[in-house]
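Structure below is data_35.pdb: PDB, C-alpha atoms.
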```
ATOM      1  CA  MET A   1     108.157 139.290  68.614
ATOM      2  CA  ARG A   2     110.806 138.763  71.255
ATOM      3  CA  ARG A   3     108.768 136.012  72.946
ATOM      4  CA  ARG A   4     108.324 134.211  69.609
ATOM      5  CA  GLY A   5     112.073 134.381  68.994
ATOM      6  CA  VAL A   6     112.811 132.953  72.406
ATOM      7  CA  GLY A   7     110.194 130.251  71.863
ATOM      8  CA  ARG A   8     111.741 129.158  68.539
ATOM      9  CA  SER A   9     115.188 129.117  70.143
ATOM     10  CA  VAL A  10     113.885 126.974  72.993
ATOM     11  CA  ILE A  11     112.319 124.421  70.636
ATOM     12  CA  GLY A  12     115.547 124.172  68.685
ATOM     13  CA  GLY A  13     117.480 123.920  71.920
ATOM     14  CA  LEU A  14     115.451 120.985  73.139
ATOM     15  CA  VAL A  15     116.349 119.144  69.934
ATOM     16  CA  LEU A  16     120.030 119.976  70.301
ATOM     17  CA  THR A  17     120.020 118.805  73.907
ATOM     18  CA  ALA A  18     119.184 115.249  72.836
ATOM     19  CA  ALA A  19     122.660 114.956  71.360
ATOM     20  CA  CYS A  20     124.431 116.101  74.532
ATOM     21  CA  ALA A  21     126.496 113.680  76.583
ATOM     22  CA  GLN A  22     125.637 112.857  80.182
ATOM     23  CA  ALA A  23     126.047 115.965  82.306
ATOM     24  CA  ALA A  24     126.855 116.334  85.989
ATOM     25  CA  ALA A  25     124.774 118.423  88.353
ATOM     26  CA  ALA A  26     126.206 120.336  91.285
ATOM     27  CA  GLN A  27     124.267 119.568  94.455
ATOM     28  CA  PRO A  28     127.204 120.218  96.775
ATOM     29  CA  PHE A  29     127.550 120.016 100.537
ATOM     30  CA  GLU A  30     126.927 123.766 100.737
ATOM     31  CA  VAL A  31     123.224 123.592 100.007
ATOM     32  CA  VAL A  32     121.828 122.100 103.244
ATOM     33  CA  GLY A  33     122.411 123.049 106.883
ATOM     34  CA  THR A  34     121.835 126.497 108.334
ATOM     35  CA  ARG A  35     124.430 126.057 111.094
ATOM     36  CA  ALA A  36     126.903 124.507 108.667
ATOM     37  CA  LEU A  37     126.555 127.302 106.132
ATOM     38  CA  GLY A  38     126.863 129.927 108.849
ATOM     39  CA  MET A  39     130.318 128.411 109.476
ATOM     40  CA  GLY A  40     131.193 128.698 105.787
ATOM     41  CA  GLY A  41     130.581 125.007 105.161
ATOM     42  CA  ALA A  42     133.194 123.691 107.595
ATOM     43  CA  PHE A  43     130.993 121.110 109.301
ATOM     44  CA  VAL A  44     132.035 117.526 108.486
ATOM     45  CA  ALA A  45     133.847 117.152 111.832
ATOM     46  CA  VAL A  46     131.325 119.328 113.691
ATOM     47  CA  ALA A  47     128.004 117.727 112.657
ATOM     48  CA  ASP A  48     126.247 117.061 115.958
ATOM     49  CA  ASP A  49     122.593 117.841 115.221
ATOM     50  CA  ALA A  50     120.040 116.220 112.921
ATOM     51  CA  THR A  51     121.649 117.785 109.807
ATOM     52  CA  ALA A  52     124.420 115.216 110.338
ATOM     53  CA  VAL A  53     122.271 112.861 108.251
ATOM     54  CA  PHE A  54     123.414 115.014 105.294
ATOM     55  CA  TRP A  55     126.844 116.300 106.347
ATOM     56  CA  ASN A  56     128.287 113.261 108.130
ATOM     57  CA  PRO A  57     126.017 110.404 109.257
ATOM     58  CA  ALA A  58     128.475 109.370 111.977
ATOM     59  CA  GLY A  59     127.996 112.731 113.702
ATOM     60  CA  LEU A  60     124.615 111.717 115.125
ATOM     61  CA  ALA A  61     126.427 109.721 117.817
ATOM     62  CA  THR A  62     128.271 112.806 119.096
ATOM     63  CA  GLY A  63     125.296 115.128 119.590
ATOM     64  CA  ALA A  64     122.174 115.409 121.703
ATOM     65  CA  LEU A  65     120.074 112.446 122.773
ATOM     66  CA  ALA A  66     117.467 113.667 120.272
ATOM     67  CA  SER A  67     117.544 116.381 117.624
ATOM     68  CA  LEU A  68     114.899 117.643 115.218
ATOM     69  CA  VAL A  69     115.624 120.206 112.477
ATOM     70  CA  ALA A  70     113.341 121.839 109.898
ATOM     71  CA  GLU A  71     114.904 124.367 107.526
ATOM     72  CA  GLY A  72     115.011 126.108 104.167
ATOM     73  CA  VAL A  73     118.080 127.392 102.287
ATOM     74  CA  THR A  74     118.486 129.295  99.007
ATOM     75  CA  ARG A  75     121.407 130.677  96.976
ATOM     76  CA  ASP A  76     121.418 132.699  93.745
ATOM     77  CA  ALA A  77     124.383 133.577  91.494
ATOM     78  CA  GLY A  78     123.458 135.486  88.347
ATOM     79  CA  PRO A  79     122.003 135.783  85.809
ATOM     80  CA  GLU A  80     124.280 138.773  85.600
ATOM     81  CA  ALA A  81     127.227 136.385  85.988
ATOM     82  CA  ALA A  82     130.043 136.735  83.485
ATOM     83  CA  ASP A  83     130.402 134.390  80.510
ATOM     84  CA  GLY A  84     126.739 133.389  80.654
ATOM     85  CA  ARG A  85     127.222 131.549  83.933
ATOM     86  CA  ALA A  86     124.479 131.434  86.526
ATOM     87  CA  SER A  87     123.341 129.083  89.250
ATOM     88  CA  ARG A  88     120.366 128.887  91.560
ATOM     89  CA  ARG A  89     120.084 126.390  94.381
ATOM     90  CA  SER A  90     117.483 125.820  97.040
ATOM     91  CA  ALA A  91     116.826 123.143  99.621
ATOM     92  CA  ALA A  92     114.380 122.178 102.331
ATOM     93  CA  LEU A  93     115.044 119.589 105.026
ATOM     94  CA  VAL A  94     113.249 117.878 107.880
ATOM     95  CA  ALA A  95     115.398 115.524 109.942
ATOM     96  CA  LEU A  96     115.133 113.648 113.218
ATOM     97  CA  GLY A  97     118.195 112.114 114.830
ATOM     98  CA  VAL A  98     119.148 110.090 117.894
ATOM     99  CA  PRO A  99     122.646 108.678 118.520
ATOM    100  CA  ALA A 100     122.068 105.440 116.603
ATOM    101  CA  LEU A 101     119.334 106.350 114.106
ATOM    102  CA  GLY A 102     118.222 109.185 111.864
ATOM    103  CA  LEU A 103     115.164 109.744 109.677
ATOM    104  CA  SER A 104     115.112 112.535 107.121
ATOM    105  CA  TYR A 105     113.561 114.022 104.029
ATOM    106  CA  TYR A 106     115.147 116.754 101.971
ATOM    107  CA  ARG A 107     114.519 118.340  98.594
ATOM    108  CA  ILE A 108     117.281 119.992  96.569
ATOM    109  CA  ARG A 109     116.874 122.011  93.379
ATOM    110  CA  SER A 110     119.885 123.041  91.318
ATOM    111  CA  THR A 111     119.622 125.166  88.161
ATOM    112  CA  GLU A 112     122.800 126.025  86.236
ATOM    113  CA  ALA A 113     123.722 127.855  83.043
ATOM    114  CA  ALA A 114     126.928 128.408  81.063
ATOM    115  CA  LEU A 115     127.937 129.133  77.476
ATOM    116  CA  ALA A 116     127.405 126.013  75.363
ATOM    117  CA  PRO A 117     130.646 124.346  74.204
ATOM    118  CA  PRO A 118     131.212 124.260  70.428
ATOM    119  CA  VAL A 119     129.902 121.187  68.626
ATOM    120  CA  ALA A 120     132.722 118.886  67.532
ATOM    121  CA  GLY A 121     133.448 119.248  63.794
ATOM    122  CA  SER A 122     131.270 122.344  63.462
ATOM    123  CA  ARG A 123     132.556 125.148  61.193
ATOM    124  CA  THR A 124     129.807 127.590  62.070
ATOM    125  CA  VAL A 125     131.103 131.159  62.378
ATOM    126  CA  ARG A 126     129.149 133.369  64.755
ATOM    127  CA  LYS A 127     128.245 136.770  63.358
ATOM    128  CA  GLU A 128     129.276 139.899  65.177
ATOM    129  CA  GLY A 129     126.716 140.786  67.854
ATOM    130  CA  GLU A 130     125.004 137.376  67.628
ATOM    131  CA  THR A 131     123.947 135.936  70.987
ATOM    132  CA  PRO A 132     125.893 132.730  71.763
ATOM    133  CA  PRO A 133     123.927 129.618  72.758
ATOM    134  CA  ILE A 134     123.665 128.821  76.454
ATOM    135  CA  ALA A 135     123.535 125.350  77.995
ATOM    136  CA  LEU A 136     121.186 125.079  80.960
ATOM    137  CA  GLY A 137     120.245 122.294  83.296
ATOM    138  CA  ASP A 138     117.749 121.838  86.114
ATOM    139  CA  LEU A 139     117.698 118.956  88.582
ATOM    140  CA  VAL A 140     115.197 118.431  91.390
ATOM    141  CA  THR A 141     115.825 115.571  93.798
ATOM    142  CA  HIS A 142     113.788 114.312  96.742
ATOM    143  CA  HIS A 143     115.685 112.184  99.278
ATOM    144  CA  ALA A 144     114.022 109.994 101.902
ATOM    145  CA  ALA A 145     116.762 108.558 104.099
ATOM    146  CA  VAL A 146     117.313 106.214 107.011
ATOM    147  CA  THR A 147     120.619 106.761 108.816
ATOM    148  CA  LEU A 148     122.241 104.006 110.870
ATOM    149  CA  VAL A 149     125.151 104.745 113.220
ATOM    150  CA  GLN A 150     127.518 102.347 114.969
ATOM    151  CA  SER A 151     130.248 102.993 117.530
ATOM    152  CA  VAL A 152     133.350 100.874 116.985
ATOM    153  CA  GLY A 153     135.257 101.979 120.096
ATOM    154  CA  GLY A 154     138.164 104.295 120.764
ATOM    155  CA  GLY A 155     136.061 107.360 119.998
ATOM    156  CA  VAL A 156     135.349 106.134 116.446
ATOM    157  CA  THR A 157     131.842 106.021 115.003
ATOM    158  CA  VAL A 158     130.667 105.161 111.501
ATOM    159  CA  GLY A 159     127.352 105.890 109.861
ATOM    160  CA  THR A 160     125.422 105.208 106.673
ATOM    161  CA  SER A 161     122.458 107.003 105.144
ATOM    162  CA  LEU A 162     120.388 104.724 102.898
ATOM    163  CA  LYS A 163     118.369 106.887 100.519
ATOM    164  CA  LEU A 164     115.454 106.529  98.155
ATOM    165  CA  VAL A 165     115.956 109.305  95.613
ATOM    166  CA  HIS A 166     113.218 110.643  93.348
ATOM    167  CA  GLY A 167     114.643 112.929  90.658
ATOM    168  CA  THR A 168     113.497 114.991  87.687
ATOM    169  CA  ALA A 169     116.011 116.514  85.265
ATOM    170  CA  ALA A 170     115.768 118.972  82.372
ATOM    171  CA  GLU A 171     118.320 120.265  79.845
ATOM    172  CA  LEU A 172     118.227 123.067  77.317
ATOM    173  CA  VAL A 173     120.644 124.592  74.795
ATOM    174  CA  SER A 174     119.385 127.856  73.377
ATOM    175  CA  ALA A 175     120.214 131.475  72.608
ATOM    176  CA  GLY A 176     118.251 134.223  74.283
ATOM    177  CA  ASP A 177     117.791 136.192  77.445
ATOM    178  CA  LEU A 178     119.406 134.258  80.309
ATOM    179  CA  GLU A 179     116.765 135.185  82.878
ATOM    180  CA  SER A 180     113.998 133.927  80.562
ATOM    181  CA  LEU A 181     115.882 130.724  79.764
ATOM    182  CA  LEU A 182     116.393 129.962  83.461
ATOM    183  CA  LYS A 183     112.626 130.094  83.898
ATOM    184  CA  VAL A 184     112.017 127.993  80.782
ATOM    185  CA  VAL A 185     114.341 125.142  81.761
ATOM    186  CA  ARG A 186     112.637 124.926  85.153
ATOM    187  CA  ARG A 187     109.338 124.242  83.373
ATOM    188  CA  HIS A 188     110.705 121.462  81.132
ATOM    189  CA  GLY A 189     110.995 118.525  83.489
ATOM    190  CA  GLY A 190     112.150 115.101  82.397
ATOM    191  CA  ARG A 191     110.844 111.684  83.242
ATOM    192  CA  ALA A 192     110.597 111.107  86.980
ATOM    193  CA  ASP A 193     113.043 108.419  88.113
ATOM    194  CA  ASN A 194     113.379 106.571  91.415
ATOM    195  CA  THR A 195     116.667 105.071  92.508
ATOM    196  CA  PHE A 196     118.628 104.099  95.610
ATOM    197  CA  ASP A 197     121.776 105.815  96.819
ATOM    198  CA  LEU A 198     123.872 105.932  99.970
ATOM    199  CA  ASP A 199     126.150 108.224 101.931
ATOM    200  CA  VAL A 200     128.735 107.092 104.478
ATOM    201  CA  GLY A 201     130.674 108.893 107.176
ATOM    202  CA  ALA A 202     133.164 108.371 109.978
ATOM    203  CA  MET A 203     134.060 110.425 113.034
ATOM    204  CA  LEU A 204     136.969 110.244 115.487
ATOM    205  CA  ASP A 205     136.215 112.161 118.687
ATOM    206  CA  LEU A 206     139.250 112.961 120.809
ATOM    207  CA  ARG A 207     137.354 115.557 122.861
ATOM    208  CA  GLU A 208     139.440 118.630 122.045
ATOM    209  CA  VAL A 209     139.986 117.468 118.450
ATOM    210  CA  ARG A 210     137.511 115.780 116.133
ATOM    211  CA  LEU A 211     138.239 114.286 112.727
ATOM    212  CA  GLY A 212     135.519 113.585 110.186
ATOM    213  CA  LEU A 213     135.207 111.981 106.756
ATOM    214  CA  SER A 214     132.053 112.021 104.626
ATOM    215  CA  ALA A 215     131.258 110.533 101.206
ATOM    216  CA  ARG A 216     128.002 111.371  99.404
ATOM    217  CA  ASN A 217     126.191 110.012  96.335
ATOM    218  CA  LEU A 218     128.305 106.852  96.207
ATOM    219  CA  ARG A 219     126.164 105.310  93.462
ATOM    220  CA  ALA A 220     126.240 108.541  91.398
ATOM    221  CA  PRO A 221     122.557 108.217  90.409
ATOM    222  CA  ALA A 222     121.553 109.631  87.004
ATOM    223  CA  PHE A 223     118.194 110.948  85.831
ATOM    224  CA  GLU A 224     116.835 111.062  82.280
ATOM    225  CA  THR A 225     115.669 114.278  80.652
ATOM    226  CA  ALA A 226     112.725 114.639  78.280
ATOM    227  CA  SER A 227     115.132 114.751  75.320
ATOM    228  CA  GLY A 228     116.903 111.509  76.254
ATOM    229  CA  GLY A 229     119.954 113.019  77.963
ATOM    230  CA  ARG A 230     121.039 112.061  81.452
ATOM    231  CA  VAL A 231     122.053 114.192  84.416
ATOM    232  CA  ALA A 232     124.090 112.540  87.162
ATOM    233  CA  LEU A 233     124.892 113.446  90.748
ATOM    234  CA  SER A 234     128.650 113.484  91.264
ATOM    235  CA  ARG A 235     130.296 111.502  94.047
ATOM    236  CA  GLN A 236     131.674 113.800  96.737
ATOM    237  CA  VAL A 237     134.229 113.053  99.458
ATOM    238  CA  ARG A 238     135.130 115.626 102.116
ATOM    239  CA  ALA A 239     137.399 115.548 105.165
ATOM    240  CA  GLY A 240     137.201 117.833 108.161
ATOM    241  CA  VAL A 241     138.905 118.655 111.443
ATOM    242  CA  ALA A 242     137.395 120.524 114.376
ATOM    243  CA  PHE A 243     139.148 122.003 117.394
ATOM    244  CA  VAL A 244     137.084 122.293 120.585
ATOM    245  CA  PRO A 245     139.149 124.230 123.143
ATOM    246  CA  ASP A 246     136.150 124.512 125.476
ATOM    247  CA  SER A 247     132.470 123.563 125.555
ATOM    248  CA  SER A 248     131.435 126.889 124.004
ATOM    249  CA  THR A 249     133.909 127.235 121.139
ATOM    250  CA  THR A 250     134.489 125.285 117.925
ATOM    251  CA  ILE A 251     136.954 126.058 115.121
ATOM    252  CA  ALA A 252     136.700 123.906 111.994
ATOM    253  CA  LEU A 253     138.339 123.301 108.628
ATOM    254  CA  ASP A 254     136.961 121.229 105.710
ATOM    255  CA  LEU A 255     138.621 120.084 102.485
ATOM    256  CA  ASP A 256     137.059 118.388  99.457
ATOM    257  CA  LEU A 257     139.028 115.283  98.456
ATOM    258  CA  THR A 258     137.263 115.006  95.110
ATOM    259  CA  GLU A 259     136.530 117.467  92.318
ATOM    260  CA  THR A 260     132.854 117.874  91.436
ATOM    261  CA  ASP A 261     131.869 118.587  87.836
ATOM    262  CA  SER A 262     128.960 120.738  86.725
ATOM    263  CA  ARG A 263     127.899 123.004  83.878
ATOM    264  CA  VAL A 264     129.443 125.999  85.571
ATOM    265  CA  GLY A 265     132.803 124.239  85.928
ATOM    266  CA  GLY A 266     134.655 122.013  88.349
ATOM    267  CA  ARG A 267     134.686 122.778  92.054
ATOM    268  CA  ARG A 268     136.845 121.643  94.949
ATOM    269  CA  MET A 269     136.210 123.580  98.121
ATOM    270  CA  VAL A 270     138.200 124.542 101.191
ATOM    271  CA  ALA A 271     136.151 125.937 104.086
ATOM    272  CA  ALA A 272     137.018 127.376 107.488
ATOM    273  CA  GLY A 273     134.650 128.524 110.213
ATOM    274  CA  ALA A 274     134.073 129.064 113.908
ATOM    275  CA  GLU A 275     131.172 128.922 116.332
ATOM    276  CA  ARG A 276     130.815 130.492 119.795
ATOM    277  CA  TRP A 277     128.020 130.002 122.319
ATOM    278  CA  LEU A 278     127.120 132.688 124.836
ATOM    279  CA  ALA A 279     124.639 133.280 127.671
ATOM    280  CA  ARG A 280     124.587 129.652 128.783
ATOM    281  CA  ARG A 281     124.094 128.469 125.182
ATOM    282  CA  ARG A 282     121.040 130.655 124.645
ATOM    283  CA  VAL A 283     122.851 132.679 121.958
ATOM    284  CA  GLY A 284     125.222 131.405 119.297
ATOM    285  CA  ILE A 285     127.296 133.318 116.762
ATOM    286  CA  ARG A 286     129.289 131.864 113.898
ATOM    287  CA  GLY A 287     131.147 132.843 110.768
ATOM    288  CA  GLY A 288     133.251 131.353 108.023
ATOM    289  CA  VAL A 289     134.666 131.514 104.528
ATOM    290  CA  ARG A 290     135.126 129.049 101.694
ATOM    291  CA  PHE A 291     136.779 129.175  98.308
ATOM    292  CA  ASP A 292     137.142 127.009  95.226
ATOM    293  CA  THR A 293     140.638 125.669  94.525
ATOM    294  CA  VAL A 294     139.737 124.661  90.943
ATOM    295  CA  GLY A 295     137.495 127.335  89.459
ATOM    296  CA  ALA A 296     137.956 131.076  89.353
ATOM    297  CA  SER A 297     135.108 131.856  91.749
ATOM    298  CA  GLU A 298     135.566 134.425  94.466
ATOM    299  CA  PRO A 299     135.555 133.467  98.169
ATOM    300  CA  VAL A 300     132.169 133.123  99.872
ATOM    301  CA  ALA A 301     131.903 134.719 103.316
ATOM    302  CA  SER A 302     129.090 133.871 105.709
ATOM    303  CA  ALA A 303     127.771 134.707 109.156
ATOM    304  CA  GLY A 304     125.124 133.026 111.267
ATOM    305  CA  PHE A 305     123.334 133.119 114.586
ATOM    306  CA  SER A 306     121.262 131.012 116.965
ATOM    307  CA  VAL A 307     118.731 132.221 119.488
ATOM    308  CA  GLY A 308     117.409 129.880 122.149
ATOM    309  CA  LEU A 309     113.708 130.395 122.708
ATOM    310  CA  THR A 310     113.790 127.747 125.438
ATOM    311  CA  ARG A 311     116.469 125.416 126.765
ATOM    312  CA  SER A 312     115.766 122.966 123.941
ATOM    313  CA  LEU A 313     114.405 125.119 121.100
ATOM    314  CA  TRP A 314     116.552 127.334 118.860
ATOM    315  CA  VAL A 315     116.037 129.458 115.791
ATOM    316  CA  ASP A 316     119.077 129.492 113.485
ATOM    317  CA  GLY A 317     119.849 131.761 110.554
ATOM    318  CA  PHE A 318     122.683 132.584 108.188
ATOM    319  CA  ALA A 319     123.539 134.858 105.275
ATOM    320  CA  SER A 320     126.392 134.576 102.762
ATOM    321  CA  ARG A 321     127.811 136.576  99.911
ATOM    322  CA  GLY A 322     130.477 135.939  97.299
ATOM    323  CA  GLY A 323     131.423 133.301  94.793
ATOM    324  CA  GLY A 324     131.078 135.608  91.782
ATOM    325  CA  ALA A 325     128.293 137.777  90.369
ATOM    326  CA  GLY A 326     127.375 139.047  93.811
ATOM    327  CA  ALA A 327     125.885 135.692  94.781
ATOM    328  CA  LEU A 328     123.636 135.803  97.816
ATOM    329  CA  GLY A 329     122.611 132.971 100.090
ATOM    330  CA  TRP A 330     120.459 132.726 103.188
ATOM    331  CA  GLY A 331     118.628 130.200 105.294
ATOM    332  CA  MET A 332     116.525 129.742 108.424
ATOM    333  CA  SER A 333     115.869 126.735 110.609
ATOM    334  CA  VAL A 334     114.072 125.635 113.732
ATOM    335  CA  ARG A 335     116.054 123.173 115.839
ATOM    336  CA  VAL A 336     114.946 121.117 118.817
ATOM    337  CA  GLY A 337     117.451 119.260 120.985
ATOM    338  CA  SER A 338     117.616 117.480 124.309
TER     339      SER A 338
END
```

Output the structure of this file as structure tokens.
Amino acid sequence: MRRRGVGRSVIGGLVLTAACAQAAAAQPFEVVGTRALGMGGAFVAVADDATAVFWNPAGLATGALASLVAEGVTRDAGPEAADGRASRRSAALVALGVPALGLSYYRIRSTEAALAPPVAGSRTVRKEGETPPIALGDLVTHHAAVTLVQSVGGGVTVGTSLKLVHGTAAELVSAGDLESLLKVVRRHGGRADNTFDLDVGAMLDLREVRLGLSARNLRAPAFETASGGRVALSRQVRAGVAFVPDSSTTIALDLDLTETDSRVGGRRMVAAGAERWLARRRVGIRGGVRFDTVGASEPVASAGFSVGLTRSLWVDGFASRGGGAGALGWGMSVRVGS
């Protein structure tokens, strides 16, 4: 009986979703990059490996002569989150970078849930004990990118990632068990859309101090759901500064210059982190923290490591916790550099 009730709620929810306005999906900076997330997400002015194609395209010019990264990252908040809020994000990336060029593919999935806002003009009174409707969204995007980097002198480099984006979006408004609804919305994909997008970045390298600026999703691509709604990727602009007192130590700070909208609320992050290399760069340790200056989410603390299997091959990992509802995140990567 319970499954039938959930099924009827889902069918009604799919109809209601057709009337919803365009929604924004949160695919933030903090979903790709094992090293970056080990530093709490303070990486815009640090990006010096192949993940720079995502974090700051200009960073490719400041790293190794060649870098190859393959990784997977996941983060889960809820569904025990308060007020019906929950989010699940995962990503996989393969990227190759040299100082002037990068090639990459990455896949990001973002699933979010929050209490549905009241319908304008509605006089419906909810009965005591009645389960409120929940608005859910799921967006899967595949990005195939070519990154071009140019030095303009004086320690300044600029970069652009030109991306072909393939996306599938789904929306649902329904009452029922949140865990079940999260699974349902992931099965109701929309029409697959292909579009072009671009990211840009700049880096000023003064040796002991580095300044970075990165802007993502400049065309704010939107993807149609099965019910006719649209889910858009928000533009994101982030600035960062990194202090490099010696060749083994980096201390970094990032600040979002734009507020990103999503179903679970607005977000504007501040992140701080540090990285230290030991044993002739065969072992790396890092840690960091970030917090939202707009929403009520708790700080997210993270720690990460690197182990050099050879002089040019590392295994990286990180784990994070915080941000409300006991959210957990983790990721692993294999990184090759020369």

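Across the model, the gap from CA of Arg186 (chain A) to CA of Ala170 (chain A) is 7.3 Å.
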
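What the PyMOL selection byres ((chain A and resi 277-285) around 8) grabs from this file is Ser248, Thr249, Glu275, Arg276, Arg286, Gly287, Ala303, Gly304, Phe305, Ser306, Val307, Gly308, Leu309, Thr310 and Arg311 of chain A.
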
Residues returned when the PyMOL selection byres ((chain A and resi 203-209) around 7) runs on this file, as a ChimeraX atom specification: /A:45,58-59,155-158,201-202,210-213,242-245

Write out as an MDAnalysis selection string the residues lying within 12 Å of Ala239 (chain A), counting all atoms listed in the file and excluding same-chain residues fewer than 6 positions away. chainID A and resid 29 41:46 55:56 201:204 210:216 252:258 268:271

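Between CA of Arg107 (chain A) and CA of Gly190 (chain A) there is a distance of 16.7 Å.
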
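Closest to Asn194 (chain A) among A:Leu182, A:Gln150, A:Glu171, A:Val140 is A:Val140, based on all atoms listed in the file.
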
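The closest residue to Glu179 (chain A), picked from A:Ala222, A:Ala77, A:Ala91, A:Tyr106 and counting only C-alpha atoms, is A:Ala77.
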
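When the PyMOL selection byres ((chain A and resi 72) around 6) is run on the displayed coordinates, the residues it returns are Glu71, Val73, Ala91, Ala92, Gly331 and Met332 of chain A.
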
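You will find CA of Ser262 (chain A) at 28.9 Å from CA of Ala274 (chain A).
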
Set up a box along x, y and z of the file covering all listed atoms of region 208-223 of chain A, add 5 Å on every one of the six sides, and write the centre and edge lengths in Å to one decimal, as JSON.
```
{"center_x": 129.1, "center_y": 112.0, "center_z": 103.9, "size_x": 31.8, "size_y": 23.3, "size_z": 46.2}
```

Can you tell me which residues surround Pro133 (chain A) at a distance of at most 6 Å, considering all atoms listed in the file, apart from same-chain residues fewer than 3 positions away, and format the answer as a PyMOL selection string? chain A and resi 116+174-175

Can you write just those residues out, C-alpha atoms, as a PDB file, in the coordinates of the input?
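Once everything was written out, this is part05.pdb:
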```pdb
ATOM      1  CA  ALA A 116     127.405 126.013  75.363  1.00  0.00           C
ATOM      2  CA  SER A 174     119.385 127.856  73.377  1.00  0.00           C
ATOM      3  CA  ALA A 175     120.214 131.475  72.608  1.00  0.00           C
TER       4      ALA A 175
END
```

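Using only C-alpha atoms, the smallest distance between any of A:Ala301, A:Val315, A:Leu60, A:Ala113 and Gly40 (chain A) comes from A:Ala301.
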
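Of the listed residues A:Val146, A:Gly288, A:Arg187, A:Gly167, the one whose atoms come nearest to Phe318 (chain A) is A:Gly288, with distances taken using all atoms listed in the file.
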
Go ahead and find all residues with at least one atom no further than 10 Å from (119.2, 109.7, 102.6) in the file's coordinates, using only C-alpha atoms; report them as a compact mmCIF listing (two decimals) with C-alpha atoms, in the frame of the given file.
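Contents of the output file result_9.txt:
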```txt
# COMPACT_ATOMS: atom_id res chain seq x y z
CA VAL A 53 122.27 112.86 108.25
CA PHE A 54 123.41 115.01 105.29
CA PRO A 57 126.02 110.40 109.26
CA GLY A 102 118.22 109.18 111.86
CA LEU A 103 115.16 109.74 109.68
CA SER A 104 115.11 112.54 107.12
CA TYR A 105 113.56 114.02 104.03
CA TYR A 106 115.15 116.75 101.97
CA HIS A 142 113.79 114.31 96.74
CA HIS A 143 115.68 112.18 99.28
CA ALA A 144 114.02 109.99 101.90
CA ALA A 145 116.76 108.56 104.10
CA VAL A 146 117.31 106.21 107.01
CA THR A 147 120.62 106.76 108.82
CA THR A 160 125.42 105.21 106.67
CA SER A 161 122.46 107.00 105.14
CA LEU A 162 120.39 104.72 102.90
CA LYS A 163 118.37 106.89 100.52
CA LEU A 164 115.45 106.53 98.16
CA VAL A 165 115.96 109.30 95.61
CA PHE A 196 118.63 104.10 95.61
CA ASP A 197 121.78 105.82 96.82
CA LEU A 198 123.87 105.93 99.97
CA ASP A 199 126.15 108.22 101.93
CA ARG A 216 128.00 111.37 99.40
CA ASN A 217 126.19 110.01 96.34
```

From the list A:Val241, A:Val334, A:Ala192, A:Ala169, the nearest residue to Thr225 (chain A) using all atoms listed in the file is A:Ala169

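Minimum atom-to-atom distance to Ala327 (chain A), evaluated using all atoms listed in the file, belongs to A:Thr74 out of A:Thr74, A:Thr293, A:Thr51, A:Ser247.
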